[in-house]
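Here is the structure we will look at.
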Amino acid sequence: MSLETLNVENLRCVRQASLELSPGRSLITGANGSGKTSLLEAICLLGRGRSFRTRNSERLITHGESRLVVHGRTSGLNRPTIGVQVVRDQATVARIGGEFTRSLADLSQVLPVQVIEPGVHKLIEDGAFRRRRWMDWAVFHVEQGFVETWAGYTRALKQRNTALKQDSRQLRAWDAEVIRLGEALGASRRSMLERLQPFWREAIAELLGLDVTLGYSQGWPKDLSLAEALVACRERDLAKGQTHAGPHRGDAVVRLDGKLARDNLSRGQQKLVAVALILAQSRLLQDLLPDTPLLLLDDPAAELDGSKLAAFISLVAKLRCQLVVTSLSRDQNPFGPPDRMFHVEQGRVAVI
Ligand SMILES: Nc1ncnc2c1ncn2[C@@H]1O[C@H](COP(=O)(O)OP(=O)(O)OP(=O)(O)O)[C@@H](O)[C@H]1O
Ligand SMILES: [Mg+2]
C-alpha cells in the first residue's frame, strides 16, 4: 500500500499543489523556506491527523486563509481516498472513502506513516509523553481493539481523578475499570516492546555501536499489580487529586551503561537513538502487517556524520516501503536515485 496522489490546499506557504508520488522513492528538493517540510506535514496529516511539527493544526493554515484541505488516494484495497480538513476554531475532521471518521486514529489504519525529521531527538530528550505515543502507535497497529482499551482507560482515569477531588466514595466504582483497562494497556505495550527487541538491537548496534538498552516502565512498581499499586498510593492520590499509578505514567526507558540516555548522549547521538526506535518499529510492522508504513525523511543527512549516515541508509534499505525524502539539493540522493523528483519554489511544486 502506498500514497499515490497528494493534493494540498492552503498548508503554510503551499497554496495549491498536486503530486503523483512514486510507490518507491520520491525526492522533494528546494531552497530553505520553499515548502519541502510543509509537503511532508501534509502527508503526515493524512496518516496521523496532525503534523509532526506542531500539535496546533491551525498553525498549518496559510496566513489569511480560514481552512486547509489535504487529499490523497492510496493504492490499498478499493484505493480509498483520504481527506483531512482543518478550519480555524474547529476540530480537525477526516474522511476515508468519503465517510467521516469516528476518530483521527482511524487514518492510521489506512495510511500508516513514520517520520524522521530534524526534531526527532525530542523522542529521547523530552518527557515520557512522546515515548508513550511512540509505543501506542505501534501497539495500535498490531492489536485489534487497542484504541477502545486506550480510550476507555483515559475516560475511567479522568473520572477517577474527578472522584479523588470531589467525592472519594465514587473511587471504588472507577478503580475496577482503571485496573482492568490499565493492566491490559500495560501488557500490550510490554508485548510490543518485547517483539521489538531484536530489531531495536540490530538498529542501535549499526547506528551507534554503544551499549544502549530499551526497557519498559509500566507506570507502577513492577512487583505490584495495578490494584495493589492503587492501594499503596491512595493517600497521595487523595492529597493531590490525581492518580499516581497506571499506564498514563508508563515509559520506554532508554539507557546507556545503565544511565538515562537523555542525560548522557549528545544531540546527534539522541537523534540516532530516536532513529533506531522508529526504524525498529517499521521493521516490526513489516513483519506483522501486510504493508510497511510509509516513511517520511525530512533532510535526513542533517547532523549525521558519514559513517552514521551510511548505517542509516543501510537500515532504510532493509524496509520495503514507500519513501518520501526532502533535500536542499537534487544532487544529494543518499537513498539512491529517486523514482520521481519534485522541486518546490515558494510553495509551488513542479515535477523535474
Ligand atoms: N501559516 C503559514 N502561512 C504561510 N506561510 C507559512 C506559514 N507557516 C510557515 N510559513 C512559511 O512557509 C515556508 C515554508 O516552510 P518549510 O518549513 O516547509 O520550508 P522548507 O523547504 O522545509 O525549508 P528548510 O529547507 O529550511 O527546512 C516558510 O518560509 C515559512 O515562513
Ligand atoms: Mg524543512
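Ligands are numbered from 1 in the order shown, residues from 1 within each chain, and chains are lettered A, B, ... in the order they appear in the C-alpha cells.
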For this session: Name the residues, by chain letter and number, that sit within 7 Å of ligand 1 using only C-alpha atoms and all ligand atoms, and give them as a PyMOL selection string.
Result: chain A and resi 11-13+30-39+59-63+328+347
Keeping C-alpha atoms, export the residues of the selection given above as a PDB file, in the first residue's frame.
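Saved file selection12.pdb follows:
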ATOM      1  CA  LEU A  11      -0.963  24.493   4.058  1.00  0.00           C
ATOM      2  CA  ARG A  12       1.634  27.071   5.189  1.00  0.00           C
ATOM      3  CA  CYS A  13       3.252  28.512   2.024  1.00  0.00           C
ATOM      4  CA  GLY A  30      14.057  23.185  -2.925  1.00  0.00           C
ATOM      5  CA  ALA A  31      15.777  26.050  -1.159  1.00  0.00           C
ATOM      6  CA  ASN A  32      15.354  26.868   2.529  1.00  0.00           C
ATOM      7  CA  GLY A  33      11.813  28.004   3.240  1.00  0.00           C
ATOM      8  CA  SER A  34      10.455  26.799  -0.114  1.00  0.00           C
ATOM      9  CA  GLY A  35       7.893  24.389   1.391  1.00  0.00           C
ATOM     10  CA  LYS A  36       9.559  20.935   1.465  1.00  0.00           C
ATOM     11  CA  THR A  37       8.744  20.171   5.088  1.00  0.00           C
ATOM     12  CA  SER A  38       5.251  21.606   4.593  1.00  0.00           C
ATOM     13  CA  LEU A  39       4.581  18.910   1.970  1.00  0.00           C
ATOM     14  CA  ARG A  59      -0.804  26.944  12.660  1.00  0.00           C
ATOM     15  CA  LEU A  60      -0.627  24.989   9.421  1.00  0.00           C
ATOM     16  CA  ILE A  61      -3.334  27.063   7.738  1.00  0.00           C
ATOM     17  CA  THR A  62      -1.880  29.610   5.293  1.00  0.00           C
ATOM     18  CA  HIS A  63      -1.900  33.086   6.860  1.00  0.00           C
ATOM     19  CA  LEU A 328      18.162  21.024  -0.379  1.00  0.00           C
ATOM     20  CA  GLY A 347       5.221  26.779  -2.193  1.00  0.00           C
TER      21      GLY A 347
END
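The neighbours of A:Gly145 here are the residues that come within 12 Å of it, using only C-alpha atoms and leaving out any residue fewer than 6 positions away in the same chain; they are A:Asp106, A:Val139, A:Ala151, A:Gly152, A:Leu181, A:Ala184, A:Leu185, A:Ser188.
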Exercise. Which of these residues is nearest to A:Arg320, using only C-alpha atoms: A:Gly98, A:Gly76, A:Pro293, A:Gly47?
Worked result: A:Pro293
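Our summary of the geometry notes that atom CA of A:Ala229 is positioned 10.3 Å from atom CA of A:Thr243.
The nearest approach to A:His71 among the residues A:Leu230, A:Leu19, A:Leu279, A:Ala128, with only C-alpha atoms taken into account, belongs to A:Leu19.
When DSSP reads the backbone of this structure, the residues of stretch 95-301 of chain A it assigns to strand (DSSP E) are Arg95, Ile96, Glu99, Phe100, Val113, Gln114, Val115, Ile116, Val212, Thr213, Leu214, Gly215, Tyr216, Ser217, Asp251, Ala252, Val253, Val254, Arg255, Leu256, Lys259, Leu260, Leu294, Leu295, Leu296 and Leu297 of chain A.
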For this session: Write down as a PyMOL selection string the residues of stretch 181-229 of chain A whose backbone DSSP state falls under alpha helix (DSSP H).
Result: chain A and resi 181-207+226-229
Now that the selection is made, can you save its residues with N, CA, C and O atoms as a compact mmCIF listing (two decimals), in the first residue's frame?
# COMPACT_ATOMS: atom_id res chain seq x y z
N LEU A 181 -8.59 -2.03 32.52
CA LEU A 181 -8.06 -1.48 31.26
C LEU A 181 -6.58 -1.11 31.38
O LEU A 181 -5.82 -1.24 30.42
N GLY A 182 -6.20 -0.63 32.56
CA GLY A 182 -4.79 -0.24 32.77
C GLY A 182 -3.86 -1.42 32.67
O GLY A 182 -2.79 -1.35 32.05
N GLU A 183 -4.25 -2.56 33.26
CA GLU A 183 -3.42 -3.78 33.16
C GLU A 183 -3.32 -4.23 31.69
O GLU A 183 -2.26 -4.63 31.22
N ALA A 184 -4.45 -4.14 30.98
CA ALA A 184 -4.46 -4.58 29.57
C ALA A 184 -3.55 -3.69 28.73
O ALA A 184 -2.75 -4.18 27.92
N LEU A 185 -3.66 -2.39 28.96
CA LEU A 185 -2.83 -1.45 28.20
C LEU A 185 -1.34 -1.69 28.47
O LEU A 185 -0.51 -1.74 27.55
N GLY A 186 -1.04 -1.87 29.74
CA GLY A 186 0.35 -2.10 30.14
C GLY A 186 0.89 -3.38 29.51
O GLY A 186 2.02 -3.42 29.03
N ALA A 187 0.07 -4.43 29.49
CA ALA A 187 0.52 -5.71 28.93
C ALA A 187 0.74 -5.60 27.42
O ALA A 187 1.69 -6.17 26.87
N SER A 188 -0.13 -4.84 26.74
CA SER A 188 0.02 -4.67 25.29
C SER A 188 1.33 -3.95 24.96
O SER A 188 2.04 -4.32 24.03
N ARG A 189 1.64 -2.92 25.73
CA ARG A 189 2.88 -2.19 25.47
C ARG A 189 4.09 -3.10 25.73
O ARG A 189 5.04 -3.12 24.97
N ARG A 190 4.02 -3.85 26.82
CA ARG A 190 5.14 -4.74 27.15
C ARG A 190 5.39 -5.74 26.03
O ARG A 190 6.51 -5.95 25.59
N SER A 191 4.30 -6.31 25.53
CA SER A 191 4.43 -7.32 24.50
C SER A 191 5.02 -6.71 23.21
O SER A 191 5.89 -7.32 22.57
N MET A 192 4.57 -5.50 22.86
CA MET A 192 5.12 -4.86 21.66
C MET A 192 6.62 -4.63 21.83
O MET A 192 7.42 -4.91 20.93
N LEU A 193 7.02 -4.13 23.01
CA LEU A 193 8.45 -3.84 23.22
C LEU A 193 9.28 -5.12 23.20
O LEU A 193 10.42 -5.12 22.73
N GLU A 194 8.70 -6.22 23.69
CA GLU A 194 9.45 -7.48 23.65
C GLU A 194 9.67 -7.94 22.22
O GLU A 194 10.76 -8.37 21.84
N ARG A 195 8.62 -7.81 21.40
CA ARG A 195 8.75 -8.22 20.00
C ARG A 195 9.69 -7.30 19.23
O ARG A 195 10.29 -7.67 18.22
N LEU A 196 9.81 -6.07 19.72
CA LEU A 196 10.65 -5.08 19.04
C LEU A 196 12.15 -5.32 19.29
O LEU A 196 13.00 -4.91 18.49
N GLN A 197 12.48 -5.99 20.40
CA GLN A 197 13.87 -6.06 20.86
C GLN A 197 14.89 -6.47 19.78
O GLN A 197 15.90 -5.80 19.61
N PRO A 198 14.64 -7.56 19.01
CA PRO A 198 15.68 -7.93 18.03
C PRO A 198 15.93 -6.83 17.00
O PRO A 198 17.08 -6.59 16.62
N PHE A 199 14.87 -6.15 16.57
CA PHE A 199 15.03 -5.09 15.56
C PHE A 199 15.72 -3.88 16.18
O PHE A 199 16.54 -3.22 15.55
N TRP A 200 15.35 -3.59 17.42
CA TRP A 200 15.98 -2.48 18.14
C TRP A 200 17.48 -2.73 18.30
O TRP A 200 18.30 -1.87 18.01
N ARG A 201 17.81 -3.97 18.72
CA ARG A 201 19.24 -4.27 18.96
C ARG A 201 20.04 -4.17 17.67
O ARG A 201 21.15 -3.65 17.65
N GLU A 202 19.46 -4.63 16.59
CA GLU A 202 20.17 -4.54 15.31
C GLU A 202 20.36 -3.07 14.92
O GLU A 202 21.46 -2.64 14.55
N ALA A 203 19.29 -2.28 15.04
CA ALA A 203 19.35 -0.88 14.61
C ALA A 203 20.33 -0.08 15.47
O ALA A 203 21.16 0.67 14.94
N ILE A 204 20.27 -0.27 16.77
CA ILE A 204 21.13 0.55 17.64
C ILE A 204 22.59 0.13 17.49
O ILE A 204 23.50 0.97 17.54
N ALA A 205 22.83 -1.17 17.26
CA ALA A 205 24.23 -1.62 17.07
C ALA A 205 24.80 -0.99 15.80
O ALA A 205 25.93 -0.51 15.79
N GLU A 206 24.01 -0.96 14.74
CA GLU A 206 24.53 -0.40 13.48
C GLU A 206 24.69 1.11 13.56
O GLU A 206 25.64 1.67 13.03
N LEU A 207 23.73 1.78 14.23
CA LEU A 207 23.75 3.24 14.21
C LEU A 207 24.69 3.83 15.25
O LEU A 207 25.31 4.86 15.02
N LEU A 226 -1.57 -3.61 39.48
CA LEU A 226 -2.06 -2.23 39.47
C LEU A 226 -3.02 -2.01 40.65
O LEU A 226 -3.04 -0.94 41.26
N ALA A 227 -3.81 -3.05 40.99
CA ALA A 227 -4.73 -2.92 42.12
C ALA A 227 -3.94 -2.63 43.41
O ALA A 227 -4.29 -1.74 44.19
N GLU A 228 -2.86 -3.38 43.61
CA GLU A 228 -2.03 -3.16 44.82
C GLU A 228 -1.38 -1.78 44.78
O GLU A 228 -1.29 -1.10 45.80
N ALA A 229 -0.95 -1.35 43.60
CA ALA A 229 -0.29 -0.05 43.49
C ALA A 229 -1.27 1.09 43.80
O ALA A 229 -0.90 2.08 44.43
Which residues come within 12 Å of A:Arg262, counting only C-alpha atoms, excluding same-chain residues fewer than 2 positions away, as a PDB file with N, CA, C and O atoms, in the first residue's frame?
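So the final result, stored in result.pdb, reads:
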ATOM      1  N   HIS A 121      15.124  13.952  17.780  1.00  0.00           N
ATOM      2  CA  HIS A 121      15.819  13.700  19.052  1.00  0.00           C
ATOM      3  C   HIS A 121      14.926  13.983  20.270  1.00  0.00           C
ATOM      4  O   HIS A 121      15.183  13.488  21.355  1.00  0.00           O
ATOM      5  N   LYS A 122      13.844  14.758  20.042  1.00  0.00           N
ATOM      6  CA  LYS A 122      12.931  15.061  21.169  1.00  0.00           C
ATOM      7  C   LYS A 122      12.293  13.802  21.732  1.00  0.00           C
ATOM      8  O   LYS A 122      11.860  13.772  22.881  1.00  0.00           O
ATOM      9  N   LEU A 123      12.225  12.769  20.911  1.00  0.00           N
ATOM     10  CA  LEU A 123      11.681  11.492  21.386  1.00  0.00           C
ATOM     11  C   LEU A 123      12.494  10.986  22.580  1.00  0.00           C
ATOM     12  O   LEU A 123      11.963  10.327  23.472  1.00  0.00           O
ATOM     13  N   ILE A 124      13.780  11.305  22.596  1.00  0.00           N
ATOM     14  CA  ILE A 124      14.643  10.898  23.710  1.00  0.00           C
ATOM     15  C   ILE A 124      14.712  12.009  24.758  1.00  0.00           C
ATOM     16  O   ILE A 124      14.607  11.762  25.960  1.00  0.00           O
ATOM     17  N   GLU A 125      14.874  13.236  24.280  1.00  0.00           N
ATOM     18  CA  GLU A 125      15.154  14.355  25.185  1.00  0.00           C
ATOM     19  C   GLU A 125      13.930  14.758  26.027  1.00  0.00           C
ATOM     20  O   GLU A 125      14.059  15.070  27.204  1.00  0.00           O
ATOM     21  N   ASP A 126      12.763  14.721  25.396  1.00  0.00           N
ATOM     22  CA  ASP A 126      11.555  15.210  26.082  1.00  0.00           C
ATOM     23  C   ASP A 126      11.007  14.187  27.071  1.00  0.00           C
ATOM     24  O   ASP A 126      11.535  13.092  27.203  1.00  0.00           O
ATOM     25  N   GLY A 127       9.918  14.572  27.702  1.00  0.00           N
ATOM     26  CA  GLY A 127       9.298  13.714  28.711  1.00  0.00           C
ATOM     27  C   GLY A 127       8.703  12.449  28.102  1.00  0.00           C
ATOM     28  O   GLY A 127       8.735  12.244  26.890  1.00  0.00           O
ATOM     29  N   ALA A 128       8.146  11.611  28.993  1.00  0.00           N
ATOM     30  CA  ALA A 128       7.669  10.287  28.594  1.00  0.00           C
ATOM     31  C   ALA A 128       6.475  10.350  27.631  1.00  0.00           C
ATOM     32  O   ALA A 128       6.199   9.384  26.925  1.00  0.00           O
ATOM     33  N   VAL A 212      23.350   0.603  24.439  1.00  0.00           N
ATOM     34  CA  VAL A 212      22.115   1.322  24.778  1.00  0.00           C
ATOM     35  C   VAL A 212      20.984   0.299  24.867  1.00  0.00           C
ATOM     36  O   VAL A 212      20.772  -0.478  23.937  1.00  0.00           O
ATOM     37  N   VAL A 253      12.096   3.125  28.369  1.00  0.00           N
ATOM     38  CA  VAL A 253      13.273   3.707  29.023  1.00  0.00           C
ATOM     39  C   VAL A 253      14.550   3.322  28.276  1.00  0.00           C
ATOM     40  O   VAL A 253      14.879   2.144  28.159  1.00  0.00           O
ATOM     41  N   VAL A 254      15.228   4.354  27.770  1.00  0.00           N
ATOM     42  CA  VAL A 254      16.453   4.116  27.008  1.00  0.00           C
ATOM     43  C   VAL A 254      17.641   4.464  27.903  1.00  0.00           C
ATOM     44  O   VAL A 254      17.734   5.580  28.428  1.00  0.00           O
ATOM     45  N   ARG A 255      18.522   3.499  28.085  1.00  0.00           N
ATOM     46  CA  ARG A 255      19.676   3.728  28.975  1.00  0.00           C
ATOM     47  C   ARG A 255      20.986   3.417  28.274  1.00  0.00           C
ATOM     48  O   ARG A 255      21.061   2.488  27.466  1.00  0.00           O
ATOM     49  N   LEU A 256      22.003   4.198  28.627  1.00  0.00           N
ATOM     50  CA  LEU A 256      23.370   3.941  28.157  1.00  0.00           C
ATOM     51  C   LEU A 256      24.194   3.563  29.385  1.00  0.00           C
ATOM     52  O   LEU A 256      24.273   4.356  30.339  1.00  0.00           O
ATOM     53  N   GLY A 258      23.422   1.810  31.755  1.00  0.00           N
ATOM     54  CA  GLY A 258      22.577   1.884  32.941  1.00  0.00           C
ATOM     55  C   GLY A 258      22.061   3.277  33.274  1.00  0.00           C
ATOM     56  O   GLY A 258      21.176   3.437  34.105  1.00  0.00           O
ATOM     57  N   LYS A 259      22.596   4.305  32.610  1.00  0.00           N
ATOM     58  CA  LYS A 259      22.134   5.680  32.925  1.00  0.00           C
ATOM     59  C   LYS A 259      21.187   6.179  31.844  1.00  0.00           C
ATOM     60  O   LYS A 259      21.318   5.809  30.677  1.00  0.00           O
ATOM     61  N   LEU A 260      20.261   7.067  32.221  1.00  0.00           N
ATOM     62  CA  LEU A 260      19.279   7.551  31.251  1.00  0.00           C
ATOM     63  C   LEU A 260      19.958   8.187  30.043  1.00  0.00           C
ATOM     64  O   LEU A 260      20.839   9.046  30.187  1.00  0.00           O
ATOM     65  N   ASN A 264      22.943  11.543  29.022  1.00  0.00           N
ATOM     66  CA  ASN A 264      24.303  11.089  28.722  1.00  0.00           C
ATOM     67  C   ASN A 264      24.675  11.035  27.248  1.00  0.00           C
ATOM     68  O   ASN A 264      25.745  10.566  26.905  1.00  0.00           O
ATOM     69  N   LEU A 265      23.777  11.471  26.386  1.00  0.00           N
ATOM     70  CA  LEU A 265      24.087  11.409  24.959  1.00  0.00           C
ATOM     71  C   LEU A 265      24.037  12.801  24.349  1.00  0.00           C
ATOM     72  O   LEU A 265      23.233  13.652  24.762  1.00  0.00           O
ATOM     73  N   SER A 266      24.869  13.020  23.331  1.00  0.00           N
ATOM     74  CA  SER A 266      24.847  14.296  22.612  1.00  0.00           C
ATOM     75  C   SER A 266      23.555  14.384  21.792  1.00  0.00           C
ATOM     76  O   SER A 266      22.859  13.379  21.606  1.00  0.00           O
ATOM     77  N   ARG A 267      23.283  15.566  21.282  1.00  0.00           N
ATOM     78  CA  ARG A 267      22.090  15.753  20.451  1.00  0.00           C
ATOM     79  C   ARG A 267      22.113  14.806  19.246  1.00  0.00           C
ATOM     80  O   ARG A 267      21.122  14.161  18.907  1.00  0.00           O
ATOM     81  N   GLY A 268      23.276  14.714  18.587  1.00  0.00           N
ATOM     82  CA  GLY A 268      23.402  13.830  17.421  1.00  0.00           C
ATOM     83  C   GLY A 268      23.182  12.366  17.805  1.00  0.00           C
ATOM     84  O   GLY A 268      22.537  11.608  17.076  1.00  0.00           O
ATOM     85  N   GLN A 269      23.716  11.978  18.958  1.00  0.00           N
ATOM     86  CA  GLN A 269      23.523  10.586  19.410  1.00  0.00           C
ATOM     87  C   GLN A 269      22.056  10.323  19.768  1.00  0.00           C
ATOM     88  O   GLN A 269      21.523   9.257  19.506  1.00  0.00           O
ATOM     89  N   GLN A 270      21.416  11.341  20.377  1.00  0.00           N
ATOM     90  CA  GLN A 270      19.985  11.179  20.684  1.00  0.00           C
ATOM     91  C   GLN A 270      19.187  11.000  19.406  1.00  0.00           C
ATOM     92  O   GLN A 270      18.236  10.227  19.341  1.00  0.00           O
ATOM     93  N   LYS A 271      19.593  11.733  18.377  1.00  0.00           N
ATOM     94  CA  LYS A 271      18.908  11.589  17.094  1.00  0.00           C
ATOM     95  C   LYS A 271      19.046  10.144  16.591  1.00  0.00           C
ATOM     96  O   LYS A 271      18.072   9.543  16.146  1.00  0.00           O
ATOM     97  N   VAL A 273      19.539   7.436  18.350  1.00  0.00           N
ATOM     98  CA  VAL A 273      18.736   6.522  19.180  1.00  0.00           C
ATOM     99  C   VAL A 273      17.260   6.605  18.752  1.00  0.00           C
ATOM    100  O   VAL A 273      16.572   5.590  18.602  1.00  0.00           O
ATOM    101  N   ALA A 274      16.794   7.837  18.525  1.00  0.00           N
ATOM    102  CA  ALA A 274      15.402   8.008  18.101  1.00  0.00           C
ATOM    103  C   ALA A 274      15.173   7.354  16.740  1.00  0.00           C
ATOM    104  O   ALA A 274      14.154   6.684  16.516  1.00  0.00           O
TER     105      ALA A 274
END
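From atom CA of A:Glu4 back to atom CA of A:Ser314, the distance works out to 25.2 Å.
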Problem set entry | Using only C-alpha atoms and all ligand atoms: which of A:Ser108, A:Thr29, A:Asn333, A:Asn56 has the shortest distance to ligand 2 | A:Thr29
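Interatomic distance, atom CA of A:Leu164 to atom CA of A:Gly241: 5.0 Å.
Checking A:Ile116, A:Leu157, A:Val84, A:Ile352 one by one against ligand 2, counting only C-alpha atoms and all ligand atoms, you find the shortest gap at A:Ile116.
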Exercise. What's the 10 Å shell around A:Lys240, counting only C-alpha atoms, without same-chain residues fewer than 6 positions away, as a PyMOL selection string?
Worked result: chain A and resi 161+164-165+234
For the residues selected in the previous step, produce a file with all heavy atoms as an mmCIF file, in the first residue's frame.
data_model
loop_
_atom_site.group_PDB
_atom_site.id
_atom_site.type_symbol
_atom_site.label_atom_id
_atom_site.label_comp_id
_atom_site.auth_asym_id
_atom_site.auth_seq_id
_atom_site.Cartn_x
_atom_site.Cartn_y
_atom_site.Cartn_z
ATOM 1 N N ASN A 161 -9.981 10.630 38.718
ATOM 2 C CA ASN A 161 -9.345 11.859 39.200
ATOM 3 C C ASN A 161 -10.383 12.856 39.692
ATOM 4 O O ASN A 161 -10.170 13.555 40.682
ATOM 5 C CB ASN A 161 -8.472 12.482 38.105
ATOM 6 C CG ASN A 161 -7.185 11.694 37.891
ATOM 7 O OD1 ASN A 161 -6.774 10.907 38.746
ATOM 8 N ND2 ASN A 161 -6.556 11.892 36.748
ATOM 9 N N LEU A 164 -11.421 11.673 43.044
ATOM 10 C CA LEU A 164 -10.388 11.992 44.053
ATOM 11 C C LEU A 164 -10.546 13.417 44.563
ATOM 12 O O LEU A 164 -10.342 13.702 45.739
ATOM 13 C CB LEU A 164 -8.990 11.845 43.441
ATOM 14 C CG LEU A 164 -8.435 10.425 43.257
ATOM 15 C CD1 LEU A 164 -7.191 10.460 42.389
ATOM 16 C CD2 LEU A 164 -8.134 9.767 44.599
ATOM 17 N N LYS A 165 -10.929 14.299 43.661
ATOM 18 C CA LYS A 165 -11.048 15.715 44.041
ATOM 19 C C LYS A 165 -12.392 16.017 44.700
ATOM 20 O O LYS A 165 -12.471 16.849 45.588
ATOM 21 C CB LYS A 165 -10.914 16.602 42.788
ATOM 22 C CG LYS A 165 -9.518 16.600 42.194
ATOM 23 C CD LYS A 165 -9.418 17.643 41.077
ATOM 24 C CE LYS A 165 -8.210 17.398 40.202
ATOM 25 N NZ LYS A 165 -8.452 16.663 38.981
ATOM 26 N N ARG A 234 -2.914 5.505 47.490
ATOM 27 C CA ARG A 234 -4.224 6.115 47.700
ATOM 28 C C ARG A 234 -4.157 7.440 48.478
ATOM 29 O O ARG A 234 -4.788 8.428 48.098
ATOM 30 C CB ARG A 234 -5.110 5.111 48.435
ATOM 31 C CG ARG A 234 -6.576 5.451 48.363
ATOM 32 C CD ARG A 234 -7.375 4.366 49.069
ATOM 33 N NE ARG A 234 -8.725 4.795 49.271
ATOM 34 C CZ ARG A 234 -9.749 4.372 48.529
ATOM 35 N NH1 ARG A 234 -9.557 3.515 47.568
ATOM 36 N NH2 ARG A 234 -10.958 4.818 48.770
#
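Residues surrounding stretch 101-105 of chain A within 9 Å are A:Gly47, A:Arg48, A:Gly49, A:Arg50, A:Thr92, A:Val93, A:Ala94, A:Arg95, A:Ile96, A:Glu99, A:Leu107, A:Ser108, A:Gln109, A:Phe140, A:Val147 [only C-alpha atoms; sequence separation below 2 positions excluded].
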Save out the residues we just selected, C-alpha atoms, as a PDB file, in the first residue's frame.
ATOM      1  CA  GLY A  47      -1.783   9.427   8.072  1.00  0.00           C
ATOM      2  CA  ARG A  48      -1.973  10.791  11.605  1.00  0.00           C
ATOM      3  CA  GLY A  49      -4.457  13.644  11.589  1.00  0.00           C
ATOM      4  CA  ARG A  50      -1.776  16.046  12.785  1.00  0.00           C
ATOM      5  CA  THR A  92      -9.939  18.716  12.553  1.00  0.00           C
ATOM      6  CA  VAL A  93     -12.143  16.369  10.544  1.00  0.00           C
ATOM      7  CA  ALA A  94     -11.171  13.475   8.307  1.00  0.00           C
ATOM      8  CA  ARG A  95     -12.868  11.314   5.717  1.00  0.00           C
ATOM      9  CA  ILE A  96     -11.930   7.921   4.402  1.00  0.00           C
ATOM     10  CA  GLU A  99     -17.175   8.812   5.078  1.00  0.00           C
ATOM     11  CA  LEU A 107      -6.478   7.411   9.450  1.00  0.00           C
ATOM     12  CA  SER A 108      -3.539   5.454  10.700  1.00  0.00           C
ATOM     13  CA  GLN A 109      -5.154   2.164   9.634  1.00  0.00           C
ATOM     14  CA  PHE A 140      -2.450   0.253  17.756  1.00  0.00           C
ATOM     15  CA  VAL A 147      -7.945   2.146  20.580  1.00  0.00           C
TER      16      VAL A 147
END
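Across A:Ala245, A:Leu224, A:Met341, A:Ile28, the tightest approach to ligand 2 is made by A:Ile28 when counting only C-alpha atoms and all ligand atoms.
Taking only C-alpha atoms and all ligand atoms into account, ligand 2 lies nearest to A:Asp298 out of the set A:Pro221, A:Asp298, A:Val316, A:Leu214.
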